[in-house]
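J.: File data.txt follows (compact mmCIF, C-alpha atoms):
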# COMPACT_ATOMS: atom_id res chain seq x y z
CA MET Q 1313 74.78 -113.17 221.79
CA LEU Q 1314 72.66 -113.95 218.73
CA THR Q 1315 70.02 -111.38 219.70
CA ASN Q 1316 72.67 -108.66 220.11
CA VAL Q 1317 73.55 -108.42 216.41
CA THR Q 1318 72.03 -105.18 215.07
CA LEU Q 1319 73.67 -105.24 211.62
CA GLY Q 1320 70.96 -105.57 209.00
CA GLN Q 1321 68.10 -104.46 211.26
CA TYR Q 1322 66.00 -101.39 210.48
CA PHE Q 1323 64.51 -99.10 213.13
CA PRO Q 1324 61.65 -97.02 211.63
CA GLY Q 1325 61.61 -93.32 212.46
CA ALA Q 1326 61.41 -89.77 211.16
CA SER Q 1327 64.66 -88.37 212.55
CA VAL Q 1328 67.25 -86.29 210.71
CA ALA Q 1329 69.28 -89.42 209.97
CA HIS Q 1330 66.22 -91.22 208.61
CA ARG Q 1331 65.34 -88.33 206.28
CA LEU Q 1332 68.77 -88.18 204.66
CA ASP Q 1333 69.09 -89.54 201.15
CA PRO Q 1334 70.41 -93.15 201.31
CA ARG Q 1335 73.09 -92.27 198.75
CA THR Q 1336 74.34 -89.54 201.09
CA LYS Q 1337 74.43 -91.90 204.06
CA LEU Q 1338 76.16 -94.63 202.08
CA GLY Q 1339 78.79 -92.26 200.71
CA MET Q 1340 79.48 -90.71 204.10
CA SER Q 1341 79.73 -94.16 205.69
CA PHE Q 1342 82.41 -95.26 203.22
CA ALA Q 1343 84.25 -91.95 203.60
CA TYR Q 1344 84.02 -92.24 207.40
CA ILE Q 1345 85.62 -95.69 207.27
CA MET Q 1346 88.45 -94.29 205.13
CA VAL Q 1347 89.03 -91.48 207.61
CA LEU Q 1348 89.06 -94.02 210.45
CA PHE Q 1349 91.90 -95.94 208.81
CA ILE Q 1350 93.86 -92.79 207.94
CA ALA Q 1351 93.64 -91.19 211.41
CA THR Q 1352 96.37 -92.21 213.84
CA SER Q 1353 96.04 -90.05 216.97
CA TRP Q 1354 93.75 -90.11 219.99
CA LEU Q 1355 92.68 -86.53 219.27
CA SER Q 1356 91.46 -87.58 215.83
CA TYR Q 1357 89.55 -90.54 217.23
CA SER Q 1358 88.06 -88.35 219.96
CA VAL Q 1359 86.62 -86.03 217.30
CA LEU Q 1360 85.31 -88.97 215.27
CA GLY Q 1361 83.88 -90.59 218.40
CA LEU Q 1362 82.01 -87.42 219.38
CA ALA Q 1363 80.70 -87.16 215.82
CA SER Q 1364 79.45 -90.77 216.02
CA LEU Q 1365 77.66 -90.08 219.31
CA LEU Q 1366 76.07 -86.99 217.74
CA VAL Q 1367 74.81 -89.07 214.81
CA VAL Q 1368 73.38 -91.69 217.19
CA TRP Q 1369 71.58 -88.93 219.08
CA LEU Q 1370 70.22 -87.39 215.87
CA SER Q 1371 69.02 -90.79 214.63
CA GLN Q 1372 66.76 -91.15 217.71
CA VAL Q 1373 67.59 -94.85 217.79
CA PRO Q 1374 67.70 -96.15 221.39
CA VAL Q 1375 71.27 -96.04 222.65
CA LYS Q 1376 70.87 -99.48 224.21
CA MET Q 1377 70.00 -100.89 220.80
CA VAL Q 1378 73.10 -99.36 219.21
CA LEU Q 1379 75.43 -100.44 222.02
CA ARG Q 1380 73.92 -103.92 221.97
CA GLY Q 1381 75.57 -104.44 218.60
CA LEU Q 1382 78.99 -104.13 220.27
CA ARG Q 1383 78.52 -107.16 222.53
CA PRO Q 1384 79.26 -109.80 219.85
CA ILE Q 1385 82.67 -108.21 219.16
CA LEU Q 1386 83.80 -107.92 222.79
CA MET Q 1387 85.95 -111.03 222.37
CA ILE Q 1388 87.59 -109.56 219.24
CA LEU Q 1389 88.20 -106.27 221.05
CA SER Q 1390 89.79 -108.04 224.02
CA LEU Q 1391 91.94 -110.19 221.76
CA THR Q 1392 93.09 -107.13 219.79
CA VAL Q 1393 94.20 -105.32 222.94
CA VAL Q 1394 95.91 -108.38 224.46
CA LEU Q 1395 97.85 -109.26 221.29
CA HIS Q 1396 99.21 -105.74 220.88
CA VAL Q 1397 99.99 -105.29 224.58
CA PHE Q 1398 102.03 -108.50 224.86
CA THR Q 1399 103.66 -108.62 221.42
CA SER Q 1400 104.56 -105.02 220.57
CA ARG Q 1401 108.02 -103.77 221.55
CA GLU Q 1402 107.57 -100.09 220.73
CA GLY Q 1403 107.75 -97.16 223.12
CA VAL Q 1404 108.77 -97.06 226.77
CA GLU Q 1405 108.91 -100.28 228.79
CA LEU Q 1406 106.16 -100.22 231.42
CA VAL Q 1407 106.24 -103.73 232.91
CA SER Q 1408 109.07 -106.24 233.02
CA LEU Q 1409 108.15 -109.45 234.87
CA TRP Q 1410 110.05 -112.60 233.89
CA PHE Q 1411 109.23 -113.17 230.22
CA VAL Q 1412 106.36 -110.65 230.21
CA ARG Q 1413 107.28 -107.23 228.84
CA ILE Q 1414 104.70 -104.52 228.23
CA TYR Q 1415 105.55 -101.35 226.31
CA SER Q 1416 103.66 -98.08 226.02
CA GLY Q 1417 103.48 -98.37 222.23
CA GLY Q 1418 101.71 -101.74 222.44
CA VAL Q 1419 99.16 -100.45 224.95
CA ARG Q 1420 98.48 -97.37 222.83
CA GLN Q 1421 98.19 -99.32 219.58
CA GLY Q 1422 95.97 -102.01 221.10
CA PHE Q 1423 93.41 -99.61 222.55
CA LEU Q 1424 93.56 -97.42 219.44
CA LEU Q 1425 92.70 -100.32 217.13
CA ALA Q 1426 89.97 -101.52 219.49
CA PHE Q 1427 88.42 -98.04 219.54
CA ARG Q 1428 88.65 -97.91 215.73
CA LEU Q 1429 86.74 -101.20 215.54
CA VAL Q 1430 84.06 -99.86 217.90
CA LEU Q 1431 83.55 -96.76 215.74
CA LEU Q 1432 83.47 -98.93 212.61
CA VAL Q 1433 80.67 -101.11 214.02
CA LEU Q 1434 78.77 -98.05 215.27
CA SER Q 1435 78.84 -96.37 211.86
CA THR Q 1436 77.63 -99.46 209.98
CA SER Q 1437 74.95 -100.15 212.60
CA VAL Q 1438 73.56 -96.62 212.38
CA LEU Q 1439 73.53 -96.89 208.57
CA THR Q 1440 71.37 -100.03 208.55
CA LEU Q 1441 69.22 -98.94 211.51
CA THR Q 1442 68.20 -95.69 209.80
CA THR Q 1443 67.94 -96.92 206.18
CA SER Q 1444 65.26 -99.28 204.94
CA PRO Q 1445 66.41 -102.27 202.85
CA ILE Q 1446 64.70 -100.89 199.72
CA ALA Q 1447 66.40 -97.48 200.08
CA LEU Q 1448 69.73 -99.18 200.73
CA THR Q 1449 69.28 -101.25 197.56
CA ASP Q 1450 68.66 -98.10 195.51
CA ALA Q 1451 71.74 -96.42 196.98
CA LEU Q 1452 73.94 -99.44 196.30
CA GLU Q 1453 72.65 -99.63 192.74
CA VAL Q 1454 73.57 -95.99 192.15
CA ALA Q 1455 77.02 -96.58 193.63
CA LEU Q 1456 77.60 -99.59 191.36
CA ARG Q 1457 76.10 -97.98 188.25
CA PRO Q 1458 79.46 -96.78 186.81
CA LEU Q 1459 80.53 -100.43 186.62
CA ARG Q 1460 77.73 -101.25 184.19
CA ARG Q 1461 79.86 -100.07 181.26
CA PHE Q 1462 82.18 -102.99 182.09
CA GLY Q 1463 79.31 -105.48 182.04
CA VAL Q 1464 78.76 -105.59 185.82
CA PRO Q 1465 75.04 -106.11 186.70
CA ALA Q 1466 74.67 -103.25 189.17
CA HIS Q 1467 71.02 -103.83 190.06
CA GLU Q 1468 71.43 -107.58 190.59
CA LEU Q 1469 74.54 -107.11 192.77
CA ALA Q 1470 72.82 -104.44 194.86
CA MET Q 1471 69.80 -106.70 195.30
CA MET Q 1472 71.97 -109.63 196.35
CA MET Q 1473 73.93 -107.55 198.87
CA THR Q 1474 70.77 -106.11 200.39
CA ILE Q 1475 69.05 -109.49 200.66
CA ALA Q 1476 72.15 -110.96 202.31
CA LEU Q 1477 72.28 -108.04 204.75
CA ARG Q 1478 68.58 -108.32 205.48
CA PHE Q 1479 68.83 -112.06 206.11
CA ILE Q 1480 71.39 -111.64 208.91
CA PRO Q 1481 68.82 -110.90 211.69
CA THR Q 1482 66.43 -113.46 210.19
CA LEU Q 1483 69.01 -116.24 210.31
CA LEU Q 1484 70.12 -115.23 213.80
CA GLU Q 1485 66.53 -115.39 215.01
CA GLU Q 1486 66.18 -118.83 213.41
CA ALA Q 1487 69.43 -119.97 215.05
CA GLU Q 1488 68.16 -118.84 218.45
CA LYS Q 1489 64.92 -120.82 218.00
CA ILE Q 1490 66.83 -123.95 216.99
CA MET Q 1491 69.22 -123.54 219.92
CA LYS Q 1492 66.34 -123.26 222.40
CA ALA Q 1493 64.73 -126.34 220.89
CA GLN Q 1494 67.98 -128.28 221.19
CA LEU Q 1495 68.47 -127.11 224.80
CA ALA Q 1496 64.95 -128.30 225.63
CA ARG Q 1497 65.99 -131.73 224.32
CA GLY Q 1498 69.05 -131.84 226.58
CA ALA Q 1499 71.74 -130.40 224.30
CA ASP Q 1500 74.75 -128.78 225.98
CA PHE Q 1501 76.52 -125.97 224.12
CA GLU Q 1502 78.67 -124.51 226.93
CA SER Q 1503 80.42 -127.28 228.87
CA GLY Q 1504 83.66 -128.99 227.86
CA GLY Q 1505 86.64 -127.82 225.86
CA LEU Q 1506 86.79 -125.95 222.58
CA LEU Q 1507 86.65 -129.11 220.45
CA LYS Q 1508 83.64 -130.47 222.34
CA ARG Q 1509 81.80 -127.15 221.99
CA ALA Q 1510 82.50 -127.12 218.26
CA LYS Q 1511 81.08 -130.64 217.91
CA SER Q 1512 78.00 -129.68 219.94
CA LEU Q 1513 77.21 -126.98 217.35
CA LEU Q 1514 76.60 -129.55 214.59
CA PRO Q 1515 72.97 -130.14 215.67
CA LEU Q 1516 72.51 -126.37 215.38
CA LEU Q 1517 74.29 -125.75 212.07
CA ILE Q 1518 72.65 -128.49 210.01
CA PRO Q 1519 69.02 -127.37 210.65
CA LEU Q 1520 70.12 -123.76 210.22
CA PHE Q 1521 71.58 -124.44 206.76
CA ILE Q 1522 68.47 -126.39 205.74
CA SER Q 1523 66.27 -123.50 206.92
CA ALA Q 1524 68.44 -120.96 205.07
CA PHE Q 1525 68.17 -122.88 201.78
CA ARG Q 1526 64.42 -123.26 202.25
CA ARG Q 1527 64.00 -119.52 202.85
CA ALA Q 1528 66.15 -118.72 199.82
CA ASP Q 1529 64.05 -121.04 197.64
CA GLU Q 1530 60.81 -119.47 198.91
CA LEU Q 1531 62.17 -115.98 198.23
CA ALA Q 1532 63.22 -116.95 194.69
CA MET Q 1533 59.77 -118.38 193.95
CA ALA Q 1534 58.08 -115.27 195.37
CA MET Q 1535 60.23 -113.01 193.17
CA GLU Q 1536 59.48 -115.13 190.10
CA ALA Q 1537 55.75 -115.08 190.90
CA ARG Q 1538 55.94 -111.27 190.85
CA CYS Q 1539 57.67 -111.39 187.43
CA TYR Q 1540 61.03 -110.14 188.68
CA ARG Q 1541 63.49 -110.13 185.79
CA GLY Q 1542 66.36 -108.00 187.05
CA GLY Q 1543 67.07 -104.32 186.63
CA GLU Q 1544 66.59 -103.91 182.89
CA GLY Q 1545 63.64 -101.63 182.17
CA ARG Q 1546 62.50 -101.42 185.78
CA THR Q 1547 60.93 -98.25 187.15
CA LYS Q 1548 60.99 -97.02 190.74
CA TYR Q 1549 58.09 -96.14 193.00
CA LYS Q 1550 60.22 -93.68 194.98
CA ILE Q 1551 62.68 -91.46 193.14
CA LEU Q 1552 65.74 -90.52 195.18
CA LYS Q 1553 66.23 -86.76 195.48
CA TYR Q 1554 68.87 -84.74 197.26
CA SER Q 1555 67.70 -81.98 199.60
CA SER Q 1556 69.26 -79.12 201.53
CA LEU Q 1557 69.50 -81.49 204.51
CA ASP Q 1558 71.92 -83.66 202.55
CA ALA Q 1559 74.03 -80.61 201.68
CA TYR Q 1560 74.25 -79.61 205.36
CA ALA Q 1561 75.14 -83.18 206.34
CA VAL Q 1562 77.91 -83.45 203.73
CA ALA Q 1563 79.32 -80.04 204.68
CA SER Q 1564 79.35 -81.00 208.37
CA PHE Q 1565 81.02 -84.30 207.57
CA VAL Q 1566 83.72 -82.61 205.49
CA VAL Q 1567 84.48 -80.17 208.33
CA ILE Q 1568 84.64 -82.94 210.96
CA SER Q 1569 86.83 -85.12 208.75
CA ALA Q 1570 89.18 -82.22 208.00
CA VAL Q 1571 89.53 -81.45 211.72
CA ALA Q 1572 90.14 -85.11 212.55
CA LEU Q 1573 92.80 -85.50 209.86
CA ALA Q 1574 94.44 -82.20 210.77
CA LEU Q 1575 94.85 -83.39 214.35
Show how you would write the structure in this file as structure tokens.
T.:
Amino acid sequence: MLTNVTLGQYFPGASVAHRLDPRTKLGMSFAYIMVLFIATSWLSYSVLGLASLLVVWLSQVPVKMVLRGLRPILMILSLTVVLHVFTSREGVELVSLWFVRIYSGGVRQGFLLAFRLVLLVLSTSVLTLTTSPIALTDALEVALRPLRRFGVPAHELAMMMTIALRFIPTLLEEAEKIMKAQLARGADFESGGLLKRAKSLLPLLIPLFISAFRRADELAMAMEARCYRGGEGRTKYKILKYSSLDAYAVASFVVISAVALAL
């Protein structure tokens, strides 16, 4: 499961999605999430789902790599569907067996929320897979720049968020190495009840936390050795510029969102 997390990974390429300005991709991702939570019908989600598949195809990222990011949330998806199916009392009664009662509204709501979660993970995965950490930092800094008038350090916050996002696959890879080392020494992570499994994770968590603090200390020393002093007075090697491709992407997104909300 640890190797299936794609959030925070970057897949180099020269596709249409890769060439978009990171500010455009970040803004459309946030707007897409808002549309996801506003939409309430299957027609709307069908349009948004087709749009997501189109973006995945345009990004030229392997479909297996994108879908692999959905495996860690399969348990959450199943739990979402089960809770709504067996607790909701809306709509027409479909099944009545002893104390078990299933209604059409619960089935609809459960699968609708699960599909919303799938689209949410797909959109965030495509964003990080097609945007380098440096470009994502610049986009986040621009998004947070209006808060600087209130004393919020936009550059430092953007840097922290990007480093945290970038460290997700690194820490997962480290956790997998530690787990394999513990298994080679006879550790058992899968047998027994829930409490026993939780206790068996202690030999994994302690070395992982120590490794995370060590990596953070090494990164801090490396940044200090390169005279990093925050965002004040810093220049950029690559200047972000909008292009006609960004205009076409925004226009297409507005049309798709309008259609989805209208439905």
J.: Restricting the calculation to all atoms listed in the file, which member of Q:Gly1361, Q:Gly1403, Q:Gly1498, Q:Pro1465 is positioned closest to Val1433 in chain Q?
T.: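 That would be Q:Gly1361, the residue with the smallest distance to Val1433 in chain Q.
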J.: Under the rule that all atoms listed in the file are counted, which of Q:Tyr1549, Q:Phe1525, Q:Phe1342, Q:Phe1323 is the nearest residue to Met1377 in chain Q?
T.: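 Selected residue with least distance to Met1377 in chain Q: Q:Phe1323.
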J.: Please compute the CA of Glu1486 in chain Q-CA of Asp1500 in chain Q distance, one decimal, in Å.
T.: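 Pair CA of Glu1486 in chain Q / CA of Asp1500 in chain Q returns 18.2 Å.
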J.: Which residue, Q:Val1393, Q:Ser1512, Q:Val1407, Q:Leu1379, has the smallest gap to Leu1424 in chain Q when you use only C-alpha atoms?
T.: Q:Val1393
J.: Tell me which protein, DNA and RNA residues are within 7 Å of Leu1552 in chain Q, counting only C-alpha atoms, leaving out same-chain ones fewer than 2 positions away, and put them as a short mmCIF file (atom, residue, chain, number, x, y, z; two decimals) with C-alpha atoms, in the frame of the given file.
T.:
data_model
loop_
_atom_site.label_atom_id
_atom_site.label_comp_id
_atom_site.auth_asym_id
_atom_site.auth_seq_id
_atom_site.Cartn_x
_atom_site.Cartn_y
_atom_site.Cartn_z
CA ASP Q 1333 69.09 -89.54 201.15
CA LYS Q 1550 60.22 -93.68 194.98
CA TYR Q 1554 68.87 -84.74 197.26
#
J.: Rank Q:Val1571, Q:Met1535, Q:Leu1370, Q:Ala1451 by their smallest atom-to-atom distance to Met1340 in chain Q, using all atoms listed in the file, and report the top residue only.
T.: Q:Ala1451
J.: What's around Ser1444 in chain Q at 9 Å? Count only C-alpha atoms, leave out sequence neighbours fewer than 3 positions away in its own chain, and write the answer as a PyMOL selection string.
T.: chain Q and resi 1321-1324+1330+1334+1440-1441+1447-1449
